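Peer 1: So here's query-v7.txt, just compact mmCIF, C-alpha atoms:
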```txt
# COMPACT_ATOMS: atom_id res chain seq x y z
CA MET A 14 0.00 0.00 0.00
CA ARG A 15 1.20 3.47 -0.87
CA ASP A 16 2.17 5.85 1.89
CA LEU A 17 -0.98 7.23 3.54
CA VAL A 18 0.20 10.84 3.59
CA GLU A 19 0.94 10.63 -0.12
CA LEU A 20 -2.53 9.15 -0.73
CA LEU A 21 -4.15 11.85 1.41
CA PHE A 22 -2.85 14.54 -0.95
CA ALA A 23 -3.07 12.50 -4.15
CA TYR A 24 -6.80 11.89 -3.59
CA ARG A 25 -7.63 15.32 -2.17
CA PHE A 26 -9.36 16.05 -5.49
CA LEU A 27 -11.79 13.16 -4.91
CA GLY A 28 -13.00 14.68 -1.63
CA ARG A 29 -13.41 18.07 -3.32
CA GLU A 30 -15.31 16.52 -6.20
CA PHE A 31 -17.50 14.70 -3.66
CA LEU A 32 -18.44 18.03 -2.04
CA THR A 33 -19.08 19.55 -5.48
CA TRP A 34 -21.31 16.61 -6.37
CA LEU A 35 -23.24 16.93 -3.08
CA TRP A 36 -23.77 20.61 -3.82
CA PHE A 37 -24.96 19.84 -7.37
CA ARG A 38 -27.29 17.05 -6.23
CA SER A 39 -28.70 19.16 -3.39
CA GLU A 40 -29.86 21.73 -5.96
CA ASP A 41 -30.59 19.36 -8.85
CA ALA A 42 -32.63 16.70 -7.04
CA GLU A 43 -36.19 17.39 -6.00
CA GLU A 44 -36.08 19.06 -2.56
CA GLY A 45 -32.45 17.99 -2.32
CA ARG A 46 -33.41 14.36 -1.68
CA ILE A 47 -30.61 11.92 -2.39
CA ALA A 48 -31.21 8.17 -2.36
CA ILE A 49 -28.74 5.99 -0.44
CA LYS A 50 -28.76 2.24 -1.07
CA GLY A 51 -29.89 0.22 1.92
CA ARG A 52 -31.14 3.15 3.95
CA ASP A 53 -33.62 6.03 3.93
CA ALA A 54 -33.04 8.86 1.49
CA VAL A 55 -31.45 11.96 2.93
CA THR A 56 -32.44 15.57 2.32
CA LEU A 57 -29.42 17.74 1.81
CA THR A 58 -29.08 21.52 1.77
CA VAL A 59 -25.80 23.35 1.30
CA GLY A 60 -25.56 25.89 4.10
CA ASP A 61 -24.20 29.40 4.19
CA LYS A 62 -20.47 28.81 4.62
CA MET A 63 -18.11 27.43 2.05
CA VAL A 64 -14.34 27.46 1.51
CA LEU A 65 -13.20 26.98 -2.08
CA GLU A 66 -9.60 26.31 -2.96
CA THR A 67 -7.51 25.83 -6.02
CA GLY A 68 -4.19 24.03 -6.28
CA ASP A 69 -2.01 22.87 -3.42
CA GLY A 70 0.86 24.20 -1.37
CA GLU A 71 2.17 27.65 -2.13
CA HIS A 72 -0.10 28.20 -5.14
CA ARG A 73 -3.22 27.65 -3.10
CA GLU A 74 -5.99 30.22 -3.51
CA THR A 75 -8.89 30.37 -1.11
CA LEU A 76 -12.34 31.87 -1.52
CA MET A 77 -14.43 32.05 1.64
CA LEU A 78 -18.12 32.62 1.35
CA GLN A 79 -20.44 33.36 4.17
CA GLY A 80 -24.00 34.37 3.53
CA THR A 81 -27.23 33.21 2.06
CA ARG A 82 -28.01 31.31 -1.11
CA SER A 83 -27.37 34.41 -3.23
CA GLU A 84 -23.68 33.84 -2.53
CA HIS A 85 -23.90 30.40 -4.08
CA ARG A 86 -23.77 32.18 -7.44
CA GLU A 87 -20.36 33.56 -6.49
CA ALA A 88 -19.29 30.10 -5.36
CA ARG A 89 -20.39 28.64 -8.70
CA LEU A 90 -18.31 31.28 -10.44
CA GLY A 91 -15.43 30.07 -8.27
CA LEU A 92 -16.02 26.55 -9.60
CA LEU A 93 -15.94 27.82 -13.17
CA GLN A 94 -12.59 29.46 -12.38
CA GLY A 95 -11.16 26.14 -11.26
CA LYS A 96 -11.71 26.38 -7.51
CA LEU A 97 -13.28 23.46 -5.68
CA PRO A 98 -14.91 23.26 -2.26
CA GLU A 99 -12.53 22.24 0.52
CA GLU A 100 -15.03 22.79 3.30
CA MET A 101 -18.79 23.03 3.12
CA HIS A 102 -21.54 23.70 5.60
CA LEU A 103 -24.34 21.16 5.18
CA LYS A 104 -27.79 20.57 6.56
CA LEU A 105 -28.92 16.95 6.59
CA ALA A 106 -32.31 15.51 7.36
CA GLN A 107 -33.33 11.88 7.54
CA GLY A 108 -36.68 10.80 9.00
CA GLU A 109 -37.23 12.99 12.04
CA ASP A 110 -33.56 13.75 12.57
CA GLU A 111 -31.97 17.01 11.44
CA TRP A 112 -28.35 18.00 11.70
CA GLN A 113 -25.95 20.67 10.54
CA LEU A 114 -22.22 20.30 10.17
CA SER A 115 -19.17 21.32 8.18
CA LEU A 116 -17.47 18.64 6.12
CA LYS A 117 -13.83 18.93 5.03
CA ALA A 118 -12.90 17.47 1.65
CA THR A 119 -9.31 16.30 2.28
CA THR A 120 -9.88 14.41 5.53
CA LEU A 121 -13.69 14.08 5.54
CA GLU A 122 -13.52 15.37 9.10
CA ILE A 123 -16.77 16.51 10.66
CA LYS A 124 -16.80 19.91 12.34
CA GLY A 125 -19.45 21.55 14.48
CA LEU A 126 -22.03 18.77 14.19
CA LYS A 127 -25.22 19.98 15.83
CA ARG A 128 -28.48 18.17 16.15
CA LYS A 129 -31.75 20.06 16.15
CA ASN A 130 -33.22 20.15 19.67
CA ASN A 131 -30.13 18.79 21.42
CA PRO A 132 -30.86 18.88 25.19
CA GLY A 133 -27.21 19.62 25.96
CA PRO A 134 -24.83 18.07 28.52
CA GLN A 135 -26.26 16.73 31.76
CA GLU A 136 -24.75 16.89 35.25
CA ASP A 137 -26.44 13.82 36.73
CA GLU A 138 -24.26 10.71 36.21
CA ASP A 139 -27.04 8.49 34.76
CA ASP A 140 -28.27 11.26 32.48
CA ARG A 141 -24.69 11.87 31.44
CA GLU A 142 -24.28 8.27 30.34
CA ALA A 143 -27.57 8.45 28.44
CA PHE A 144 -26.33 11.67 26.82
CA PHE A 145 -23.12 9.89 25.74
CA PHE A 146 -25.12 7.16 23.99
CA ASP A 147 -27.37 9.72 22.39
CA GLN A 148 -24.38 11.72 21.14
CA MET A 149 -22.82 8.55 19.71
CA TYR A 150 -26.11 7.64 18.07
CA GLN A 151 -26.01 11.03 16.31
CA MET A 152 -22.37 10.67 15.37
CA GLU A 153 -22.84 7.14 14.01
CA ALA A 154 -25.96 8.18 12.07
CA VAL A 155 -24.18 11.13 10.44
CA SER A 156 -21.02 9.09 9.79
CA SER A 157 -23.11 6.42 8.12
CA ILE A 158 -24.96 8.99 5.96
CA ILE A 159 -21.67 10.53 4.83
CA ASP A 160 -20.24 7.09 4.03
CA GLY A 161 -23.43 6.18 2.16
CA LEU A 162 -23.37 9.41 0.15
CA PHE A 163 -19.69 8.87 -0.63
CA ARG A 164 -20.44 5.34 -1.87
CA GLU A 165 -23.24 6.68 -4.11
CA PHE A 166 -20.83 9.30 -5.46
CA LEU A 167 -18.06 6.75 -6.08
CA GLU A 168 -20.35 4.37 -7.93
CA ILE A 169 -21.16 7.09 -10.44
CA ARG A 170 -17.70 8.66 -10.40
CA LEU A 171 -15.95 5.40 -11.28
CA SER A 172 -18.43 4.39 -13.98
CA PRO A 173 -18.85 5.54 -17.60
CA ALA A 174 -22.03 7.33 -16.41
CA TRP A 175 -19.81 10.03 -14.88
CA ASP A 176 -18.61 11.33 -18.24
CA GLN A 177 -21.70 10.40 -20.21
CA GLU A 178 -24.45 11.63 -17.89
CA GLU A 179 -23.29 13.27 -14.68
CA MET A 180 -20.71 15.72 -16.04
CA PRO A 181 -23.01 17.16 -18.76
CA ARG A 182 -25.73 17.70 -16.12
CA LEU A 183 -23.20 19.22 -13.76
CA HIS A 184 -22.04 21.64 -16.44
CA ASP A 185 -25.64 22.64 -17.21
CA TRP A 186 -26.15 23.33 -13.50
CA LEU A 187 -22.92 25.31 -13.28
CA GLU A 188 -23.74 27.48 -16.23
CA ALA A 189 -27.42 28.00 -15.36
CA MET B 24 -15.28 20.21 22.16
CA GLY B 25 -15.52 16.59 23.25
CA ILE B 26 -18.27 14.01 23.12
CA PHE B 27 -20.33 15.86 25.76
CA SER B 28 -20.40 19.08 23.78
CA LYS B 29 -23.50 20.27 21.91
CA SER B 30 -21.28 20.83 18.89
CA LEU B 31 -19.18 17.82 17.88
CA SER B 32 -15.97 17.91 15.83
CA CYS B 33 -14.09 14.77 15.03
CA THR B 34 -11.69 12.87 12.85
CA ARG B 35 -12.58 9.29 12.02
CA TYR B 36 -10.32 6.22 11.91
CA PHE B 37 -10.28 2.60 10.87
CA VAL B 38 -8.75 0.19 13.40
CA ARG B 39 -7.39 -3.09 12.09
CA GLY B 40 -5.52 -5.97 13.68
CA GLU B 41 -5.83 -9.10 15.74
CA THR B 42 -7.54 -8.78 19.11
CA PRO B 43 -6.72 -11.16 21.99
CA PRO B 44 -9.46 -13.53 23.29
CA ASP B 45 -10.00 -11.60 26.53
CA PHE B 46 -10.17 -8.34 24.65
CA LEU B 47 -11.82 -6.07 27.24
CA THR B 48 -9.46 -7.01 30.10
CA TRP B 49 -6.56 -6.62 27.73
CA VAL B 50 -7.75 -3.11 26.78
CA ASP B 51 -7.83 -2.11 30.48
CA GLU B 52 -4.31 -3.48 30.98
CA ARG B 53 -2.95 -1.69 27.94
CA LEU B 54 -4.56 1.62 28.95
CA GLN B 55 -2.99 1.31 32.40
CA HIS B 56 0.43 0.91 30.83
CA PHE B 57 0.08 4.22 29.05
CA LEU B 58 -1.73 6.37 31.61
CA PHE B 59 -1.15 10.08 31.79
CA ARG B 60 1.50 10.95 34.38
CA GLU B 61 1.55 14.43 35.91
CA ILE B 62 4.52 16.65 35.04
CA ASP B 63 3.76 19.45 37.54
CA GLU B 64 6.83 18.55 39.61
CA THR B 65 9.14 18.14 36.64
CA THR B 66 10.57 20.47 34.02
CA ASP B 67 9.16 18.47 31.07
CA GLU B 68 7.71 20.67 28.34
CA LYS B 69 5.11 18.21 27.15
CA ALA B 70 3.48 14.96 28.25
CA TRP B 71 0.58 12.80 27.11
CA GLY B 72 -1.29 9.68 28.11
CA TRP B 73 -4.76 8.23 28.68
CA VAL B 74 -7.25 9.34 31.33
CA GLU B 75 -10.87 8.35 31.93
CA LEU B 76 -13.40 9.83 29.52
CA ASP B 77 -13.73 13.59 30.02
CA ASN B 78 -11.99 13.35 33.39
CA LEU B 79 -8.66 15.16 33.78
CA LEU B 80 -7.64 13.49 37.03
CA GLN B 81 -8.97 9.95 36.93
CA THR B 82 -6.68 7.31 35.51
CA ALA B 83 -8.07 4.08 36.97
CA PHE B 84 -8.93 1.65 34.21
CA ASP B 85 -9.02 -1.46 36.40
CA GLY B 86 -12.80 -1.66 36.78
CA GLY B 87 -14.02 -1.37 33.22
CA GLN B 88 -14.19 2.45 33.38
CA ALA B 89 -13.54 2.63 29.64
CA HIS B 90 -16.39 0.28 28.70
CA LEU B 91 -19.62 1.96 27.69
CA GLY B 92 -21.94 -0.54 26.04
CA GLU B 93 -20.40 -1.62 22.75
CA TYR B 94 -17.94 1.26 22.90
CA LEU B 95 -14.59 1.82 24.51
CA ALA B 96 -14.32 5.45 25.55
CA PHE B 97 -11.43 7.31 27.14
CA SER B 98 -9.60 10.61 26.73
CA LEU B 99 -6.17 11.63 25.56
CA ARG B 100 -4.65 14.18 27.93
CA ILE B 101 -1.89 16.40 26.63
CA ASP B 102 -0.12 18.80 29.01
CA THR B 103 2.08 21.54 27.62
CA ARG B 104 4.27 24.13 29.30
CA LYS B 105 4.43 27.37 27.36
CA ALA B 106 6.22 30.64 28.03
CA PRO B 107 4.23 33.53 26.49
CA ALA B 108 6.27 35.55 23.98
CA ALA B 109 5.90 38.85 25.89
CA LEU B 110 7.07 37.21 29.11
CA PHE B 111 10.04 35.66 27.34
CA ARG B 112 11.03 39.01 25.82
CA LYS B 113 10.96 40.78 29.18
CA HIS B 114 13.07 38.14 30.91
CA TYR B 115 15.48 37.89 28.01
CA LEU B 116 16.05 41.68 28.07
CA LEU B 117 16.64 41.57 31.83
CA ALA B 118 19.10 38.69 31.50
CA GLU B 119 20.86 40.40 28.60
CA LEU B 120 21.26 43.63 30.58
CA ASN B 121 22.59 41.70 33.53
CA LEU B 122 25.16 39.87 31.41
CA ARG B 123 26.30 43.06 29.66
CA GLN B 124 26.79 44.74 33.01
CA GLN B 125 28.97 41.82 34.05
CA GLN B 126 31.17 42.23 30.96
CA LYS B 127 31.35 46.03 31.15
CA PHE B 128 28.72 46.63 28.48
CA ARG B 129 30.55 44.83 25.74
CA ARG B 130 28.18 43.53 23.05
CA LEU B 131 27.09 39.92 23.37
CA SER B 132 28.43 37.46 20.84
CA ARG B 133 26.03 35.44 18.70
CA GLN B 134 26.87 32.34 20.73
CA GLN B 135 26.21 34.16 24.01
CA LYS B 136 22.82 35.34 22.74
CA LEU B 137 21.86 31.81 21.72
CA GLU B 138 22.89 30.38 25.08
CA LEU B 139 21.08 33.14 26.94
CA LYS B 140 17.86 32.56 24.97
CA LYS B 141 17.99 28.86 25.79
CA ALA B 142 18.66 29.49 29.49
CA VAL B 143 15.85 32.05 29.79
CA GLN B 144 13.42 29.77 27.96
CA GLN B 145 14.24 26.82 30.23
CA ASP B 146 14.03 28.94 33.37
CA LEU B 147 10.61 30.30 32.35
CA LEU B 148 9.27 26.88 31.37
CA ARG B 149 10.33 25.50 34.75
CA ARG B 150 8.29 28.23 36.43
CA GLN B 151 5.15 27.74 34.26
CA MET B 152 2.43 25.31 35.25
CA PRO B 153 1.60 22.86 32.43
CA GLN B 154 -1.69 23.51 30.62
CA PRO B 155 -3.85 20.39 30.36
CA THR B 156 -6.09 19.63 27.36
CA LEU B 157 -8.38 16.65 26.82
CA TYR B 158 -9.45 14.96 23.60
CA ASP B 159 -12.12 12.28 23.79
CA VAL B 160 -11.71 8.96 22.01
CA VAL B 161 -14.58 6.58 21.24
CA TRP B 162 -13.74 3.20 19.72
CA HIS B 163 -16.29 0.75 18.35
CA PRO B 164 -14.32 -2.52 18.14
CA GLY B 165 -17.25 -4.36 16.49
CA GLN B 166 -17.21 -1.96 13.56
CA GLN B 167 -13.42 -1.44 13.65
CA ARG B 168 -14.15 2.30 13.68
CA LEU B 169 -12.93 5.02 16.00
CA TRP B 170 -13.79 8.68 16.53
CA LEU B 171 -11.20 11.13 17.84
CA PHE B 172 -12.88 14.32 18.99
CA ALA B 173 -10.15 16.59 17.65
CA THR B 174 -9.21 17.88 14.22
CA SER B 175 -5.73 19.36 14.77
CA PRO B 176 -3.01 17.50 12.82
CA LYS B 177 -0.62 17.80 15.80
CA VAL B 178 -3.11 16.16 18.15
CA ARG B 179 -3.86 13.52 15.50
CA GLU B 180 -0.18 12.66 15.27
CA ILE B 181 0.25 12.25 19.05
CA PHE B 182 -2.96 10.22 19.23
CA GLU B 183 -2.01 7.87 16.37
CA THR B 184 1.45 7.21 17.83
CA LEU B 185 0.14 6.60 21.35
CA PHE B 186 -2.71 4.39 20.13
CA ARG B 187 -0.34 2.18 18.11
CA GLU B 188 2.06 1.99 21.05
CA THR B 189 -0.72 1.14 23.51
CA PHE B 190 -2.72 -1.42 21.56
CA GLU B 191 -0.17 -2.59 18.98
CA MET B 192 -2.93 -2.41 16.37
CA ASP B 193 -3.01 -0.64 13.07
CA ILE B 194 -4.97 2.58 12.95
CA TYR B 195 -5.43 4.76 9.93
CA LEU B 196 -7.24 7.94 9.14
CA LEU B 197 -10.53 7.86 7.27
CA PHE B 198 -10.13 10.06 4.18
CA PRO B 199 -11.40 9.73 0.59
CA TYR B 200 -8.96 6.98 -0.46
CA THR B 201 -9.27 4.83 2.68
CA LEU B 202 -13.06 5.25 2.77
CA ALA B 203 -13.20 4.24 -0.90
CA GLN B 204 -11.19 1.11 -0.06
CA ASP B 205 -13.70 0.34 2.66
CA VAL B 206 -16.88 0.88 0.63
CA LEU B 207 -15.84 -0.43 -2.79
CA ALA B 208 -16.92 -4.02 -3.06
CA SER B 209 -14.97 -5.25 -6.07
CA GLU B 210 -11.34 -5.36 -7.14
CA ALA B 211 -12.39 -3.92 -10.49
CA ALA B 212 -13.76 -0.84 -8.71
CA MET B 213 -10.49 -0.50 -6.75
CA GLU B 214 -8.57 -0.65 -10.02
CA ARG B 215 -10.74 2.13 -11.42
CA LEU B 216 -10.02 4.15 -8.27
CA GLU B 217 -6.28 3.79 -8.91
CA MET B 218 -6.80 5.10 -12.46
CA VAL B 219 -9.16 7.97 -11.74
CA GLU B 220 -8.06 11.46 -12.71
CA PRO B 221 -9.41 14.82 -11.55
CA ALA B 222 -12.55 16.02 -13.33
CA VAL B 223 -12.45 19.38 -15.06
CA PHE B 224 -15.40 21.56 -14.14
CA HIS B 225 -14.25 24.82 -15.63
CA SER B 226 -13.54 24.06 -19.30
CA GLY B 227 -16.85 22.54 -20.27
CA GLN B 228 -15.22 19.15 -20.77
CA GLY B 229 -15.66 16.07 -18.67
CA SER B 230 -12.97 13.84 -17.34
CA GLY B 231 -13.37 10.47 -15.79
CA VAL B 232 -11.39 7.29 -15.71
CA ARG B 233 -8.34 6.82 -17.87
CA GLY B 234 -8.76 4.48 -20.83
CA GLN B 235 -12.51 4.90 -21.19
```
Reformat the file's structure so that it appears as C-alpha cells.
Peer 2:
Amino acid sequence: MRDLVELLFAYRFLGREFLTWLWFRSEDAEEGRIAIKGRDAVTLTVGDKMVLETGDGEHRETLMLQGTRSEHREARLGLLQGKLPEEMHLKLAQGEDEWQLSLKATTLEIKGLKRKNNPGPQEDEDDREAFFFDQMYQMEAVSSIIDGLFREFLEIRLSPAWDQEEMPRLHDWLEA
Amino acid sequence: MGIFSKSLSCTRYFVRGETPPDFLTWVDERLQHFLFREIDETTDEKAWGWVELDNLLQTAFDGGQAHLGEYLAFSLRIDTRKAPAALFRKHYLLAELNLRQQQKFRRLSRQQKLELKKAVQQDLLRRQMPQPTLYDVVWHPGQQRLWLFATSPKVREIFETLFRETFEMDIYLLFPYTLAQDVLASEAAMERLEMVEPAVFHSGQGSGVRGQ
C-alpha cells in the first residue's frame, strides 16, 4: 500500500469533487433528496459557509463565502474558475432527525455537528451516560450517511455514467 | 469540544488488527500501561497519556471504566508548558542587561545570545504550570471504527502514535482513499479508483477514468 500521507494529498481532489457533487445534487434533485442504497433517502441543503480552494501548497488560492443562497452564485463562479470546495456547511435531514455540520474534503472530518433540539450536557451521572449514547447515536448516524453518500458518489464517479451523464448535467447546473 | 459538547468535531479512523481472546481485560491493561503521568513537579515541556473519559484526574482503568456498552471510551490528555512571547522578551532583556553589566557593556556574541535565549526559555518553562487539554476517544471494536474528537493534525499525530504503542494495532485515518477502499466491493472498482483522474469543471469538458 502506498504511503498514507501521499494518498491523502493524491486523492484530495476526490474529496473536493465529492463536495461539489453533493452541492450539485442538493440543488438538482427534487427538494435535495438523495437516495442511499440500503437506507432512507437523505435531504441535503448546502448551508451558508463554504471554503473553495484551487491548487495545493504555495499556489493555493482560497475563496471564503459566508451568507445566504445568493452567494452560491459567487461560489459557482469560483467553480468555473477552477476552484473546488474544501469545506462546506451542510444541513442533513433523515426521517425525524436534522443536523448541521461542516465537512472537510481532504480528511472528511466533521466539524461543528449539531443536532436540532439537542438537550445539551447533563450533570447527573445516569443522564450523562444516556447523553453519551445519544451523542454517539447522532455521530454514528451522520457518519453512516456521509459514508453512504460517498459510496453513491463513487459508484457514479468510477463508472462511464460520470462522463456520459453526470458531467453534462453538472455543467448545465454550473452554467445556469 | 468533546463528546459531551452540543457541537461535535471529530476525525474518524479505521482500526485493524488481531484482538486477543480476553479483549476487554486486555484493553484495560494496555490503557494502564500508558496512563497520563503528571509533570507538575518536573521540568518536562510536554506529556501525554490516557485518562478516563472527560476526566482530567482519573486514571483508573481497572474496573471497566472505559467500557460503555459496545464502545470503549477514554480521553487523551496532553499537558504543555508554554512561556508567552511577551514574558520571554521581558526576561530575556533583563538577563541580557545583567550579562552586559557583568562584561562592562561589551556587546554579546552570537553564541552568548543563543545560550542566553535557551537558558531564559528553560528557566521560564520550569516556572510555568503545564496547561492540560483533553481529547475524547470513542472506539467501536465491532465496527473497527474510532472517533477522535479533535481535528488538529498535531493532536492527531500524538494520538495515532500513542494508540499504536498502547494497543499494537493498526490505525489509519478515514479520508477519501481509505473510505473508498472500505466501501468499494470489487477489485475492479479499486482498479478504477487507482486510475481515476481529476474532473475538469471549468472548461466545459468532462474527465473520468483513464482508458474509457
Peer 1: Could you build a table of the residues in chain B lying no more than 6 Å from chain A, giving for each the nearest pair of atoms and their separation in Å rounded to one decimal place, using only C-alpha atoms, ordered by chain and ascending residue number, as a tab-separated table?
Peer 2:
```
residue	atom	partner	partner_atom	distance
B:Phe27	CA	A:Pro134	CA	5.7
B:Lys29	CA	A:Gly133	CA	5.5
B:Ser30	CA	A:Gly125	CA	4.8
B:Leu31	CA	A:Leu126	CA	4.8
B:Ser32	CA	A:Lys124	CA	4.1
B:Cys33	CA	A:Ile123	CA	5.4
B:Thr34	CA	A:Glu122	CA	4.9
B:Phe198	CA	A:Thr120	CA	4.6
B:Pro199	CA	A:Gly28	CA	5.7
B:His225	CA	A:Leu93	CA	4.2
B:Gly229	CA	A:Asp176	CA	5.6
B:Gly231	CA	A:Asp176	CA	5.8
```
Peer 1: Select, counting all atoms listed in the file, all protein, DNA and RNA residues no farther than 12 Å from (8.7, 32.3, 27.7) in file coordinates, and express the selection as a ChimeraX atom specification.
Peer 2: /B:68,104-116,140-151
Peer 1: How many Å separate atom CA of Ala143 of chain A from atom CA of Leu185 of chain B?
Peer 2: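 So the two atoms, atom CA of Ala143 of chain A and atom CA of Leu185 of chain B, lie 28.7 Å apart.
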Peer 1: List the spatial neighbours of Val178 of chain B as a VMD selection string - criterion: any atom at most 12 Å away, only C-alpha atoms, same-chain residues fewer than 3 positions off excluded.
Peer 2: chain B and resid 33 to 34 71 99 to 102 156 to 160 171 to 175 181 to 186
Peer 1: Please return, as a PDB file with C-alpha atoms, in the frame of the given file, all polymer residues that have at least one atom within 12 Å of the point (-15.5, 2.3, 31.7); use only C-alpha atoms and the file's own coordinate frame.
Peer 2:
```pdb
ATOM      1  CA  GLU A 142     -24.280   8.270  30.340  1.00  0.00           C
TER       2      GLU A 142
ATOM      3  CA  LEU B  47     -11.820  -6.070  27.240  1.00  0.00           C
ATOM      4  CA  THR B  48      -9.460  -7.010  30.100  1.00  0.00           C
ATOM      5  CA  VAL B  50      -7.750  -3.110  26.780  1.00  0.00           C
ATOM      6  CA  ASP B  51      -7.830  -2.110  30.480  1.00  0.00           C
ATOM      7  CA  LEU B  54      -4.560   1.620  28.950  1.00  0.00           C
ATOM      8  CA  VAL B  74      -7.250   9.340  31.330  1.00  0.00           C
ATOM      9  CA  GLU B  75     -10.870   8.350  31.930  1.00  0.00           C
ATOM     10  CA  LEU B  76     -13.400   9.830  29.520  1.00  0.00           C
ATOM     11  CA  ASP B  77     -13.730  13.590  30.020  1.00  0.00           C
ATOM     12  CA  ASN B  78     -11.990  13.350  33.390  1.00  0.00           C
ATOM     13  CA  GLN B  81      -8.970   9.950  36.930  1.00  0.00           C
ATOM     14  CA  THR B  82      -6.680   7.310  35.510  1.00  0.00           C
ATOM     15  CA  ALA B  83      -8.070   4.080  36.970  1.00  0.00           C
ATOM     16  CA  PHE B  84      -8.930   1.650  34.210  1.00  0.00           C
ATOM     17  CA  ASP B  85      -9.020  -1.460  36.400  1.00  0.00           C
ATOM     18  CA  GLY B  86     -12.800  -1.660  36.780  1.00  0.00           C
ATOM     19  CA  GLY B  87     -14.020  -1.370  33.220  1.00  0.00           C
ATOM     20  CA  GLN B  88     -14.190   2.450  33.380  1.00  0.00           C
ATOM     21  CA  ALA B  89     -13.540   2.630  29.640  1.00  0.00           C
ATOM     22  CA  HIS B  90     -16.390   0.280  28.700  1.00  0.00           C
ATOM     23  CA  LEU B  91     -19.620   1.960  27.690  1.00  0.00           C
ATOM     24  CA  GLY B  92     -21.940  -0.540  26.040  1.00  0.00           C
ATOM     25  CA  GLU B  93     -20.400  -1.620  22.750  1.00  0.00           C
ATOM     26  CA  TYR B  94     -17.940   1.260  22.900  1.00  0.00           C
ATOM     27  CA  LEU B  95     -14.590   1.820  24.510  1.00  0.00           C
ATOM     28  CA  ALA B  96     -14.320   5.450  25.550  1.00  0.00           C
ATOM     29  CA  PHE B  97     -11.430   7.310  27.140  1.00  0.00           C
ATOM     30  CA  SER B  98      -9.600  10.610  26.730  1.00  0.00           C
ATOM     31  CA  VAL B 161     -14.580   6.580  21.240  1.00  0.00           C
TER      32      VAL B 161
END
```
